[in-house]
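Content type mmCIF, C-alpha atoms, from the file structure.cif:
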```cif
data_final
#
loop_
_atom_site.label_atom_id
_atom_site.label_comp_id
_atom_site.auth_asym_id
_atom_site.auth_seq_id
_atom_site.Cartn_x
_atom_site.Cartn_y
_atom_site.Cartn_z
CA MET J 169 7.31 15.03 -7.29
CA SER J 170 9.96 17.40 -8.56
CA GLY J 171 13.04 16.07 -10.26
CA PRO J 172 16.18 17.35 -11.91
CA ASP J 173 15.78 19.72 -14.83
CA LEU J 174 16.15 17.96 -18.16
CA SER J 175 18.00 19.45 -21.07
CA PRO J 176 16.12 19.55 -24.39
CA LYS J 177 18.05 16.48 -25.47
CA GLU J 178 16.92 14.57 -22.38
CA SER J 179 13.32 15.76 -22.44
CA ALA J 180 10.77 13.23 -23.56
CA THR J 181 7.08 13.08 -24.25
CA PRO J 182 5.10 10.52 -22.20
CA GLU J 183 4.90 8.30 -25.30
CA THR J 184 8.67 8.45 -25.85
CA ALA J 185 9.30 7.75 -22.17
CA PHE J 186 6.96 4.76 -22.24
CA ALA J 187 8.75 3.42 -25.32
CA GLU J 188 12.04 3.74 -23.45
CA LEU J 189 10.63 1.94 -20.44
CA ARG J 190 9.37 -0.89 -22.63
CA ARG J 191 12.93 -1.45 -23.84
CA GLU J 192 14.04 -1.91 -20.22
CA ARG J 193 13.03 -5.58 -20.10
CA PRO J 194 14.00 -6.25 -16.46
CA PHE J 195 11.86 -3.31 -15.35
CA MET J 196 8.92 -4.48 -17.46
CA HIS J 197 9.19 -7.96 -15.95
CA LEU J 198 9.08 -6.40 -12.51
CA TRP J 199 6.15 -4.20 -13.53
CA LEU J 200 4.16 -7.21 -14.74
CA ALA J 201 5.03 -9.17 -11.59
CA ARG J 202 3.86 -6.31 -9.39
CA LEU J 203 0.68 -5.89 -11.44
CA LEU J 204 -0.24 -9.58 -11.15
CA GLY J 205 0.92 -9.95 -7.56
CA SER J 206 -0.94 -6.82 -6.42
CA ALA J 207 -4.13 -7.99 -8.14
CA GLY J 208 -3.79 -11.38 -6.46
CA ALA J 209 -3.17 -9.82 -3.06
CA GLN J 210 -6.18 -7.54 -3.37
CA MET J 211 -8.43 -10.42 -4.42
CA LEU J 212 -7.11 -12.53 -1.57
CA MET J 213 -7.89 -9.85 1.00
CA VAL J 214 -11.41 -9.37 -0.35
CA ALA J 215 -11.94 -13.13 -0.17
CA ILE J 216 -10.57 -13.48 3.37
CA GLY J 217 -12.65 -10.54 4.63
CA TRP J 218 -15.87 -11.83 3.12
CA HIS J 219 -15.06 -15.41 4.12
CA MET J 220 -14.44 -14.39 7.76
CA TYR J 221 -17.61 -12.32 8.01
CA ASP J 222 -19.61 -15.09 6.33
CA LEU J 223 -18.29 -17.61 8.86
CA THR J 224 -18.58 -15.54 12.04
CA GLY J 225 -20.71 -12.44 11.31
CA SER J 226 -18.40 -10.56 13.69
CA ALA J 227 -16.91 -7.09 13.21
CA TRP J 228 -14.37 -7.99 15.90
CA ASP J 229 -13.11 -10.91 13.85
CA LEU J 230 -12.75 -8.67 10.80
CA GLY J 231 -10.57 -6.40 12.92
CA LEU J 232 -8.53 -9.38 14.11
CA VAL J 233 -7.63 -10.22 10.51
CA GLY J 234 -5.92 -6.83 10.33
CA LEU J 235 -4.26 -7.19 13.71
CA TYR J 236 -2.88 -10.63 12.89
CA GLN J 237 -1.25 -9.17 9.78
CA PHE J 238 0.08 -6.15 11.62
CA GLY J 239 1.90 -8.10 14.34
CA PRO J 240 4.39 -10.01 12.14
CA ALA J 241 4.88 -7.00 9.86
CA LEU J 242 5.85 -4.88 12.85
CA LEU J 243 8.09 -7.48 14.49
CA LEU J 244 9.95 -8.38 11.31
CA ALA J 245 10.26 -4.94 9.69
CA LEU J 246 13.77 -4.14 10.90
CA VAL J 247 15.08 -7.63 10.11
CA ALA J 248 13.45 -7.45 6.67
CA GLY J 249 15.15 -4.15 5.89
CA HIS J 250 18.55 -5.57 6.78
CA VAL J 251 17.92 -8.67 4.66
CA VAL J 252 16.82 -6.59 1.66
CA ASP J 253 19.94 -4.42 1.86
CA HIS J 254 22.26 -7.44 1.99
CA HIS J 255 20.68 -10.08 -0.30
CA HIS J 256 19.32 -10.47 -3.82
CA ARG J 257 16.11 -8.46 -3.87
CA GLY J 258 14.63 -10.28 -6.85
CA ARG J 259 14.88 -13.65 -5.11
CA ILE J 260 13.32 -12.22 -1.97
CA LEU J 261 10.38 -10.90 -3.99
CA ALA J 262 9.94 -14.23 -5.82
CA LEU J 263 9.87 -16.12 -2.51
CA CYS J 264 7.26 -13.74 -1.08
CA LEU J 265 5.00 -14.14 -4.10
CA GLY J 266 5.41 -17.91 -4.02
CA VAL J 267 4.40 -18.12 -0.36
CA GLN J 268 1.25 -16.10 -1.07
CA GLY J 269 0.43 -18.50 -3.88
CA PHE J 270 0.69 -21.44 -1.48
CA VAL J 271 -1.50 -19.58 1.01
CA ALA J 272 -4.22 -19.16 -1.63
CA LEU J 273 -3.87 -22.84 -2.55
CA ALA J 274 -4.24 -23.86 1.10
CA LEU J 275 -7.39 -21.76 1.46
CA LEU J 276 -8.78 -23.29 -1.75
CA ALA J 277 -8.17 -26.81 -0.43
CA ALA J 278 -9.64 -26.00 2.99
CA HIS J 279 -12.76 -24.51 1.46
CA ALA J 280 -13.21 -27.43 -0.94
CA THR J 281 -12.90 -30.01 1.85
CA GLY J 282 -14.96 -28.12 4.43
CA HIS J 283 -12.00 -27.49 6.74
CA ASP J 284 -12.18 -23.70 6.58
CA SER J 285 -12.46 -22.04 9.97
CA ARG J 286 -11.91 -18.82 11.89
CA ALA J 287 -8.64 -20.19 13.27
CA LEU J 288 -7.35 -21.02 9.80
CA LEU J 289 -8.12 -17.54 8.46
CA LEU J 290 -6.36 -15.92 11.41
CA THR J 291 -3.31 -18.19 10.96
CA ILE J 292 -3.21 -17.31 7.28
CA SER J 293 -3.29 -13.63 8.26
CA LEU J 294 -0.16 -14.14 10.38
CA VAL J 295 1.65 -15.67 7.40
CA LEU J 296 0.60 -12.87 5.06
CA GLY J 297 1.80 -10.24 7.51
CA ALA J 298 5.22 -11.90 7.77
CA VAL J 299 5.56 -12.22 4.00
CA ARG J 300 4.66 -8.62 3.28
CA ALA J 301 7.22 -7.39 5.80
CA PHE J 302 9.84 -8.57 3.29
CA GLN J 303 7.95 -7.98 0.05
CA MET J 304 7.29 -4.26 0.42
CA PRO J 305 10.88 -3.07 0.97
CA ALA J 306 12.22 -5.55 -1.60
CA GLN J 307 10.03 -4.35 -4.46
CA GLN J 308 10.40 -0.68 -3.49
CA ALA J 309 14.19 -0.98 -3.57
CA LEU J 310 14.33 -2.90 -6.86
CA ILE J 311 13.28 -0.22 -9.35
CA PRO J 312 16.41 1.98 -9.02
CA LEU J 313 18.50 -1.09 -9.90
CA LEU J 314 16.63 -1.73 -13.16
CA VAL J 315 16.53 1.66 -14.90
CA SER J 316 18.91 4.56 -15.41
CA PRO J 317 18.68 7.59 -13.11
CA ARG J 318 17.23 9.61 -16.00
CA LEU J 319 14.31 7.18 -16.36
CA LEU J 320 13.74 6.64 -12.65
CA PRO J 321 11.04 9.32 -12.09
CA ARG J 322 8.92 8.02 -14.98
CA ALA J 323 9.56 4.43 -13.93
CA MET J 324 8.28 5.18 -10.42
CA ALA J 325 5.17 6.86 -11.84
CA PHE J 326 4.51 3.99 -14.25
CA ALA J 327 4.95 1.45 -11.44
CA ALA J 328 2.44 3.33 -9.29
CA THR J 329 -0.06 3.42 -12.15
CA GLY J 330 0.19 -0.35 -12.58
CA THR J 331 -0.26 -0.95 -8.87
CA GLN J 332 -3.35 1.24 -8.75
CA ALA J 333 -4.79 -0.53 -11.78
CA ALA J 334 -4.35 -3.82 -9.91
CA VAL J 335 -5.94 -2.38 -6.79
CA ILE J 336 -8.93 -1.36 -8.91
CA GLY J 337 -9.24 -4.56 -10.91
CA GLY J 338 -8.38 -7.04 -8.16
CA PRO J 339 -11.26 -6.32 -5.76
CA ALA J 340 -13.76 -5.83 -8.58
CA LEU J 341 -12.74 -9.12 -10.21
CA GLY J 342 -12.86 -10.83 -6.83
CA GLY J 343 -16.38 -9.54 -6.29
CA PHE J 344 -17.51 -10.86 -9.66
CA LEU J 345 -15.85 -14.24 -9.09
CA PHE J 346 -17.73 -14.67 -5.83
CA ALA J 347 -20.73 -15.40 -8.03
CA ALA J 348 -18.97 -18.66 -8.92
CA GLY J 349 -18.09 -19.36 -5.30
CA THR J 350 -15.30 -18.61 -2.85
CA GLY J 351 -13.16 -21.37 -4.35
CA ALA J 352 -13.11 -19.57 -7.71
CA VAL J 353 -11.57 -16.50 -6.06
CA TYR J 354 -8.88 -18.50 -4.25
CA GLY J 355 -8.11 -20.48 -7.42
CA SER J 356 -7.67 -17.27 -9.41
CA CYS J 357 -5.30 -15.96 -6.75
CA VAL J 358 -3.15 -19.08 -7.14
CA LEU J 359 -2.87 -18.44 -10.88
CA LEU J 360 -2.04 -14.75 -10.43
CA PHE J 361 0.71 -15.37 -7.88
CA GLY J 362 2.12 -18.16 -10.06
CA ALA J 363 2.27 -15.81 -13.07
CA ALA J 364 3.91 -13.11 -10.94
CA CYS J 365 6.61 -15.59 -9.86
CA PHE J 366 7.21 -16.44 -13.51
CA PHE J 367 7.99 -12.83 -14.41
CA VAL J 368 10.19 -12.31 -11.37
CA ALA J 369 12.14 -15.42 -12.34
CA ARG J 370 12.85 -13.75 -15.71
CA LEU J 371 14.08 -10.60 -13.99
CA HIS J 372 17.86 -10.31 -14.29
CA TYR J 373 20.04 -7.45 -13.09
CA ALA J 374 23.59 -6.87 -11.97
CA HIS J 375 23.72 -7.76 -8.29
CA SER J 376 26.85 -6.87 -6.36
CA PRO J 377 26.68 -8.39 -2.88
CA PRO J 378 27.55 -5.70 -0.32
CA ALA J 379 30.29 -6.15 2.21
CA ARG J 380 29.32 -8.44 5.05
CA GLU J 381 27.94 -6.43 7.92
CA PRO J 382 27.27 -7.99 11.31
CA VAL J 383 23.67 -7.88 12.43
CA THR J 384 23.60 -5.54 15.41
CA MET J 385 21.00 -3.30 16.94
CA ALA J 386 22.80 -0.36 15.35
CA THR J 387 22.44 -1.79 11.83
CA LEU J 388 18.84 -2.89 12.42
CA LEU J 389 17.87 0.52 13.77
CA ALA J 390 19.72 2.50 11.10
CA GLY J 391 16.50 3.16 9.17
CA VAL J 392 14.67 4.29 12.31
CA ARG J 393 17.53 6.61 13.23
CA PHE J 394 17.67 7.99 9.70
CA ILE J 395 13.96 8.93 9.71
CA TRP J 396 14.04 10.26 13.27
CA GLN J 397 16.82 12.70 12.44
CA ARG J 398 14.87 14.23 9.55
CA LYS J 399 11.83 15.90 11.08
CA PRO J 400 9.94 16.65 7.84
CA VAL J 401 10.22 12.98 6.88
CA LEU J 402 9.25 11.87 10.38
CA GLY J 403 6.24 14.18 10.30
CA ALA J 404 5.14 12.93 6.90
CA VAL J 405 5.31 9.21 7.66
CA SER J 406 3.80 9.55 11.15
CA LEU J 407 0.98 11.67 9.72
CA ASP J 408 0.14 8.83 7.36
CA LEU J 409 0.25 6.34 10.21
CA PHE J 410 -2.36 8.19 12.23
CA ALA J 411 -4.48 9.00 9.19
CA VAL J 412 -4.68 5.32 8.24
CA LEU J 413 -5.08 4.23 11.86
CA LEU J 414 -8.05 6.52 12.45
CA GLY J 415 -9.53 7.02 9.01
CA GLY J 416 -9.40 3.59 7.39
CA ALA J 417 -12.75 1.95 6.73
CA VAL J 418 -11.58 -0.97 4.57
CA ALA J 419 -12.07 -3.63 7.28
CA LEU J 420 -15.71 -2.59 7.69
CA LEU J 421 -16.62 -2.61 4.00
CA PRO J 422 -18.13 -6.14 4.21
CA ILE J 423 -20.55 -4.81 6.85
CA PHE J 424 -21.47 -1.74 4.80
CA ALA J 425 -21.89 -3.86 1.65
CA LYS J 426 -24.03 -6.51 3.33
CA ASP J 427 -25.99 -4.77 6.09
CA ILE J 428 -26.07 -1.02 5.31
CA LEU J 429 -25.91 -0.55 1.53
CA HIS J 430 -27.27 -4.05 0.74
CA VAL J 431 -25.14 -4.59 -2.37
CA GLY J 432 -23.64 -8.03 -1.63
CA PRO J 433 -20.21 -9.37 -2.62
CA TRP J 434 -20.26 -7.70 -6.04
CA GLY J 435 -20.83 -4.33 -4.38
CA LEU J 436 -18.08 -5.11 -1.88
CA GLY J 437 -15.60 -5.56 -4.71
CA VAL J 438 -16.67 -2.26 -6.28
CA LEU J 439 -16.41 -0.44 -2.95
CA ARG J 440 -12.92 -1.87 -2.40
CA GLY J 441 -11.87 -0.67 -5.84
CA ALA J 442 -13.34 2.85 -5.58
CA PRO J 443 -10.44 4.47 -3.64
CA ALA J 444 -8.01 3.05 -6.18
CA ILE J 445 -9.95 4.68 -9.04
CA GLY J 446 -9.48 8.06 -7.40
CA ALA J 447 -5.85 7.25 -6.69
CA LEU J 448 -5.23 6.21 -10.30
CA VAL J 449 -6.74 9.40 -11.71
CA MET J 450 -4.76 11.51 -9.26
CA SER J 451 -1.51 9.66 -9.98
CA VAL J 452 -1.91 10.39 -13.70
CA TRP J 453 -2.62 14.04 -12.90
CA LEU J 454 0.40 14.32 -10.60
CA THR J 455 2.61 12.77 -13.27
CA HIS J 456 1.81 15.72 -15.55
CA LYS J 457 1.27 18.36 -12.85
CA PRO J 458 3.62 17.46 -9.99
CA VAL J 459 3.43 19.19 -6.64
CA GLU J 460 6.40 21.54 -6.75
CA ARG J 461 5.56 24.25 -4.22
CA ARG J 462 3.90 24.33 -0.77
CA VAL J 463 4.27 20.58 -0.49
CA GLY J 464 3.89 20.54 3.29
CA ARG J 465 0.67 22.51 3.25
CA THR J 466 -0.64 20.39 0.39
CA LEU J 467 0.14 17.21 2.33
CA LEU J 468 -1.77 18.38 5.41
CA MET J 469 -4.73 19.51 3.32
CA ALA J 470 -4.84 16.15 1.54
CA VAL J 471 -4.96 14.26 4.84
CA GLY J 472 -7.71 16.57 6.11
CA ALA J 473 -9.69 16.00 2.92
CA PHE J 474 -9.29 12.24 3.41
CA GLY J 475 -10.87 12.59 6.86
CA VAL J 476 -13.81 14.57 5.44
CA CYS J 477 -14.41 11.81 2.89
CA MET J 478 -14.49 9.19 5.63
CA VAL J 479 -17.13 11.15 7.53
CA ALA J 480 -19.20 11.44 4.34
CA PHE J 481 -18.88 7.71 3.65
CA GLY J 482 -19.91 6.77 7.18
CA LEU J 483 -23.06 8.90 7.01
CA SER J 484 -24.06 7.89 3.47
CA ARG J 485 -26.91 5.48 2.80
CA SER J 486 -26.59 5.76 -0.97
CA PHE J 487 -24.35 3.33 -2.85
CA VAL J 488 -23.48 6.03 -5.42
CA MET J 489 -22.61 8.62 -2.76
CA SER J 490 -20.56 6.05 -0.87
CA LEU J 491 -18.61 5.26 -4.04
CA LEU J 492 -18.02 8.97 -4.64
CA ALA J 493 -16.74 9.52 -1.10
CA LEU J 494 -14.36 6.56 -1.35
CA THR J 495 -13.15 7.67 -4.78
CA VAL J 496 -12.31 11.17 -3.59
CA SER J 497 -10.64 9.71 -0.50
CA GLY J 498 -8.37 7.68 -2.79
CA ALA J 499 -7.40 10.80 -4.74
CA ALA J 500 -6.58 12.67 -1.54
CA ASP J 501 -4.58 9.74 -0.23
CA MET J 502 -2.56 9.57 -3.47
CA VAL J 503 -1.41 13.16 -2.93
CA ASN J 504 -0.26 12.07 0.52
CA VAL J 505 1.51 9.01 -0.91
CA VAL J 506 3.33 10.89 -3.67
CA ILE J 507 4.60 13.66 -1.39
CA ARG J 508 5.66 11.28 1.37
CA GLN J 509 7.42 8.77 -0.86
CA THR J 510 9.18 11.50 -2.81
CA LEU J 511 10.52 13.08 0.38
CA VAL J 512 11.83 9.70 1.54
CA GLN J 513 13.33 8.87 -1.86
CA LEU J 514 15.17 12.18 -2.18
CA GLU J 515 16.74 11.91 1.26
CA THR J 516 17.69 8.21 1.37
CA PRO J 517 21.13 6.94 0.20
CA ASP J 518 21.11 3.77 -1.90
CA ALA J 519 22.91 1.68 0.72
CA MET J 520 20.06 2.23 3.21
CA ARG J 521 17.09 2.02 0.89
CA GLY J 522 15.96 -1.38 2.17
CA ARG J 523 16.10 -0.42 5.83
CA VAL J 524 14.39 2.93 5.34
CA SER J 525 11.76 1.31 3.11
CA ALA J 526 11.15 -1.32 5.78
CA VAL J 527 10.55 1.32 8.44
CA ASN J 528 8.39 3.29 6.04
CA SER J 529 6.39 0.13 5.33
CA ILE J 530 5.33 0.05 8.97
CA PHE J 531 3.64 3.39 8.43
CA ILE J 532 2.22 2.83 4.95
CA GLY J 533 1.63 -0.93 4.98
CA ALA J 534 1.34 -2.47 8.42
CA SER J 535 -0.57 0.58 9.64
CA ASN J 536 -3.36 -0.49 7.29
CA GLN J 537 -3.75 -3.72 9.24
CA LEU J 538 -3.59 -1.91 12.59
CA GLY J 539 -6.19 0.50 11.25
CA GLU J 540 -8.40 -2.45 10.34
CA PHE J 541 -8.16 -3.73 13.91
CA GLU J 542 -8.97 -0.27 15.27
CA SER J 543 -11.98 -0.06 12.95
CA GLY J 544 -13.25 -3.47 14.00
CA ALA J 545 -12.74 -2.75 17.69
CA THR J 546 -14.49 0.63 17.61
CA ALA J 547 -17.26 -0.81 15.44
CA ALA J 548 -17.91 -3.40 18.12
CA LEU J 549 -18.42 -0.51 20.57
CA LEU J 550 -19.91 2.28 18.44
CA GLY J 551 -21.30 0.36 15.48
CA PRO J 552 -19.84 0.57 11.96
CA VAL J 553 -21.21 4.04 11.23
CA GLY J 554 -19.99 5.50 14.50
CA SER J 555 -16.56 3.94 13.96
CA VAL J 556 -16.07 5.42 10.49
CA VAL J 557 -17.38 8.88 11.40
CA ALA J 558 -15.28 9.07 14.58
CA GLY J 559 -12.21 7.97 12.65
CA GLY J 560 -12.75 10.62 9.99
CA VAL J 561 -13.09 13.36 12.61
CA GLY J 562 -9.94 12.08 14.31
CA THR J 563 -8.03 12.24 11.02
CA ILE J 564 -9.02 15.88 10.52
CA LEU J 565 -7.85 16.71 14.05
CA VAL J 566 -4.51 14.95 13.45
CA ALA J 567 -3.90 17.00 10.29
CA LEU J 568 -4.53 20.19 12.29
CA ALA J 569 -2.28 19.04 15.15
CA TRP J 570 0.62 18.11 12.84
CA GLN J 571 0.70 21.68 11.55
CA ARG J 572 1.88 22.74 15.00
CA LEU J 573 3.88 19.65 15.98
CA PHE J 574 5.94 19.57 12.76
CA PRO J 575 6.33 23.19 11.58
CA ALA J 576 9.26 22.23 9.32
CA LEU J 577 6.92 19.91 7.43
CA ALA J 578 4.00 22.35 7.34
CA GLN J 579 6.28 25.09 6.00
CA ARG J 580 8.12 22.86 3.53
CA ASP J 581 7.95 24.55 0.15
CA SER J 582 9.63 22.13 -2.27
CA MET J 583 10.26 18.40 -2.42
CA GLU J 584 14.00 18.91 -2.36
CA ARG J 585 15.70 19.79 0.86
CA GLU J 586 16.08 23.54 1.03
CA GLY J 587 19.64 24.65 0.58
CA THR J 588 20.97 21.39 -0.85
CA GLY J 589 20.69 22.41 -4.46
CA ARG J 590 19.87 18.83 -5.41
#
```
Take the structure in the file and write it out as C-alpha cells.
Amino acid sequence: MSGPDLSPKESATPETAFAELRRERPFMHLWLARLLGSAGAQMLMVAIGWHMYDLTGSAWDLGLVGLYQFGPALLLALVAGHVVDHHHRGRILALCLGVQGFVALALLAAHATGHDSRALLLTISLVLGAVRAFQMPAQQALIPLLVSPRLLPRAMAFAATGTQAAVIGGPALGGFLFAAGTGAVYGSCVLLFGAACFFVARLHYAHSPPAREPVTMATLLAGVRFIWQRKPVLGAVSLDLFAVLLGGAVALLPIFAKDILHVGPWGLGVLRGAPAIGALVMSVWLTHKPVERRVGRTLLMAVGAFGVCMVAFGLSRSFVMSLLALTVSGAADMVNVVIRQTLVQLETPDAMRGRVSAVNSIFIGASNQLGEFESGATAALLGPVGSVVAGGVGTILVALAWQRLFPALAQRDSMEREGTGR
C-alpha cells in the first residue's frame, strides 16, 4: 500500500498518527459504528448458520443461506452504487444498520415464541443480502470525506484493523453466548446494531449534494465499465471472486465443528474467528511494511497460499492444526485484500467511488455468499472434506491461470500506475 512521500514535517510516528485520528471525531464515530456493526453482523451470521444446521442438519440448507444473500446483493449492486454516489452516505449506513438490528430482533422474537423455521431463516438471508448491497459501498466511500488526504492512508489502515478485531471478537463472543442459548446471541446483536446506529447518528460531515443525474443504464454501468477498462484491476477483483468462490469453507464450519472436529458451538466461534486473527496480524505488518514492489506477483502468490491452506484445513482432523490453517489463510487473504483495494482506490475518481465500490463489493462481499452456496452444494455431493479440498486445489489452479490471462497484473511492479507519477 504505497502512498505519497511525506516530508519530514508531515511524517508521523504511529502514535502521533493515532492521536491525530482521535481528534477527527467524525471518523472516530464511523470507526466505532463499523466496529460494533461488524461484530454484530459476524455474530448474526454465526447464529444463523448454527441455527439453520440445528433445525435441518442439511449442508444444502447452509449453502442456501449464502445463495439467498448473494442474489439480492448481485441484483441491487449497481443501483446501490448510484444511490451512494448521489445521496447522504451517513444516512444510508444508519438505515442499513437499523434494518439489521430489526432482523436480529425478529429472529429473537421468533426463537422465543417457537416460530423459528427454515423458511424464516432463508427470508432473513434475503433481507441481509439486500441491506449489505448498500452498506458496503456506503461505508467504503465515507472515510475519504471524514479525514484529510494526508491522514487517509492511516485512516484506512486503522479502519481495517477495527474491522478485523470485530471479525475476531464477534464469532468468538457468539460462540460463548450460545452457552446461554440462541436468544442470547440474537439479543446481543440487537444491542450492537443499536449502538452502531447511535454513533452513525453522531457522525456529521459536509455533504454537498451532486448535480442531479438521470438514472440510465450508462450511469448504472459506469463502475463496471471503469473496472473493465483497467485490466490489472479487473484481474485483481476477478481473481478474488474465484478464490472466494472455490476456496471458501466458512459455510461448512458448523459441520466441521459438530461432526468432524467435535468442538461444538464454542469451537465454531473460534474457527470463525481464526482467519481474522491471521488477517489482523498481517494488516498490522503491512501497515509498517507495505507491499511496494512486485505487487502482482505477491498477489498471485497470496491467493495460491490461501488455496494451500484450504487443502490443509480440509484434511486436518486436529482442532489445533485446523485453527493454524485457517489463521494462515486469513493472513494470505489480507495480502490479497490490501493489494486489491489499494489498486482500486488509486485508480478511482471521487465522483465514482460509490459505483466502483458497489461493483467491487460483488467480488469481495457477495462472492462470499455465492462461495457458501458452492461449498454447500459440493459438500452435498462430495462430503464436506471433499468440498474443501477440491475448492483449495481449484484456487491454486486459478492463481496459476491468472498469471497467463492477466500478464499486466502478474507483471505489475508497484501499486501506482506505471508512468503516471502519482
For a cut-off of 10 Å around (1.5, -8.6, 13.7), file coordinates, pick out all residues using all atoms listed in the file and list them as a PDB file with C-alpha atoms, in the frame of the given file.
```
ATOM      1  CA  VAL J 233      -7.630 -10.220  10.510  1.00  0.00           C
ATOM      2  CA  GLY J 234      -5.920  -6.830  10.330  1.00  0.00           C
ATOM      3  CA  LEU J 235      -4.260  -7.190  13.710  1.00  0.00           C
ATOM      4  CA  TYR J 236      -2.880 -10.630  12.890  1.00  0.00           C
ATOM      5  CA  GLN J 237      -1.250  -9.170   9.780  1.00  0.00           C
ATOM      6  CA  PHE J 238       0.080  -6.150  11.620  1.00  0.00           C
ATOM      7  CA  GLY J 239       1.900  -8.100  14.340  1.00  0.00           C
ATOM      8  CA  PRO J 240       4.390 -10.010  12.140  1.00  0.00           C
ATOM      9  CA  ALA J 241       4.880  -7.000   9.860  1.00  0.00           C
ATOM     10  CA  LEU J 242       5.850  -4.880  12.850  1.00  0.00           C
ATOM     11  CA  LEU J 243       8.090  -7.480  14.490  1.00  0.00           C
ATOM     12  CA  LEU J 244       9.950  -8.380  11.310  1.00  0.00           C
ATOM     13  CA  SER J 293      -3.290 -13.630   8.260  1.00  0.00           C
ATOM     14  CA  LEU J 294      -0.160 -14.140  10.380  1.00  0.00           C
ATOM     15  CA  VAL J 295       1.650 -15.670   7.400  1.00  0.00           C
ATOM     16  CA  LEU J 296       0.600 -12.870   5.060  1.00  0.00           C
ATOM     17  CA  GLY J 297       1.800 -10.240   7.510  1.00  0.00           C
ATOM     18  CA  ALA J 298       5.220 -11.900   7.770  1.00  0.00           C
ATOM     19  CA  ALA J 301       7.220  -7.390   5.800  1.00  0.00           C
ATOM     20  CA  ALA J 534       1.340  -2.470   8.420  1.00  0.00           C
ATOM     21  CA  GLN J 537      -3.750  -3.720   9.240  1.00  0.00           C
ATOM     22  CA  LEU J 538      -3.590  -1.910  12.590  1.00  0.00           C
TER      23      LEU J 538
END
```
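The coordinates place CA of Val503 (chain J) at 17.4 Å from CA of Ile336 (chain J).
Proximity of J:Ile423, J:Leu273, J:Ala306, J:Met469 to Ser555 (chain J), computed with all atoms listed in the file, is greatest for J:Ile423.
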Might you pull out every residue within 9 Å of Pro433 (chain J), with all atoms listed in the file counted and same-chain residues fewer than 2 positions away left off, and present them as JSON, numbers by chain? {"J": [218, 342, 343, 344, 346, 347, 422, 425, 426, 431, 435, 436, 437, 438]}
Using only C-alpha atoms, pick whichever of J:Tyr354, J:Trp434, J:Phe410, J:Phe424 has the shortest atom-to-atom distance to Ile564 (chain J).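 Selected residue with least distance to Ile564 (chain J): J:Phe410.
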Between CA of Leu230 (chain J) and CA of Gly544 (chain J), what is the distance in Å, rounded to a tenth? 6.1 Å
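Atom pair CA of Thr281 (chain J) / CA of Leu420 (chain J) has a distance of 28.2 Å (rounded to one decimal).
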Hey, can you pull every residue with an atom no more than 9 Å from (-4.8, -11.4, -10.4), using only C-alpha atoms, and send it as number ranges by chain? J: 203-211, 334, 337-338, 341-342, 356-361, 363-364
What residues come out when you apply the PyMOL selection byres ((chain J and resi 308-311) around 7) to this file, written as a compact mmCIF listing (two decimals) with C-alpha atoms, in the coordinates of the input?
```
# COMPACT_ATOMS: atom_id res chain seq x y z
CA PHE J 195 11.86 -3.31 -15.35
CA ARG J 257 16.11 -8.46 -3.87
CA MET J 304 7.29 -4.26 0.42
CA PRO J 305 10.88 -3.07 0.97
CA ALA J 306 12.22 -5.55 -1.60
CA GLN J 307 10.03 -4.35 -4.46
CA PRO J 312 16.41 1.98 -9.02
CA LEU J 313 18.50 -1.09 -9.90
CA LEU J 314 16.63 -1.73 -13.16
CA VAL J 315 16.53 1.66 -14.90
CA ARG J 521 17.09 2.02 0.89
CA GLY J 522 15.96 -1.38 2.17
```
Can you pull out every residue within 12 Å of Ala473 (chain J), counting all atoms listed in the file, but drop anything in the same chain fewer than 3 positions away, and send it as a VMD selection string? chain J and resid 411 415 466 to 470 476 to 480 493 to 504 560 to 561 563 to 568
Evaluated on this file, the PyMOL selection byres ((chain J and resi 279) around 12) picks out some residues - which ones are they, written as a PyMOL selection string? chain J and resi 215-216+219+223+272-278+280-286+288-289+349-355
Which of these residues is nearest to Pro517 (chain J), using only C-alpha atoms: J:Asp253, J:Gly446, J:Leu371, J:Val299? J:Asp253
How big is the axis-aligned box around all listed atoms of region 294-306 of chain J once 5 Å goes on each side, and where's its centre, in Å to one decimal, as AutoDock Vina command-line options?
```
--center_x 6.0 --center_y -9.4 --center_z 4.4 --size_x 22.4 --size_y 22.6 --size_z 22.0
```
Find the residues near Arg465 (chain J): any atom within 10 Å, counting only C-alpha atoms, skip ones fewer than 4 places away on the same chain, and give them as a list in words.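 Counting only the stated atoms, we get Arg461, Met469, Ala470, Gln571, Leu577, Ala578, Gln579, Arg580 and Asp581 of chain J.
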Ground truth for the PyMOL selection byres ((chain J and resi 406) around 12), written as a VMD selection string: chain J and resid 395 to 396 399 to 405 407 to 413 468 471 504 508 527 to 532 535 566 to 567 569 to 570 573 to 574 577
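Proximity to Asp222 (chain J) was assessed for J:Pro575, J:Pro552, J:Val247, J:Gly432 counting all atoms listed in the file; the smallest distance is recorded for J:Gly432.
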Please determine, counting all atoms listed in the file, which residue among J:Val368, J:Met220, J:Glu460, J:Phe302 has the shortest atom-to-atom distance to His255 (chain J). J:Phe302
Distance criterion (all atoms listed in the file): nearest to Leu550 (chain J) out of J:Leu265, J:Leu448, J:Ala227, J:Ala248: J:Ala227
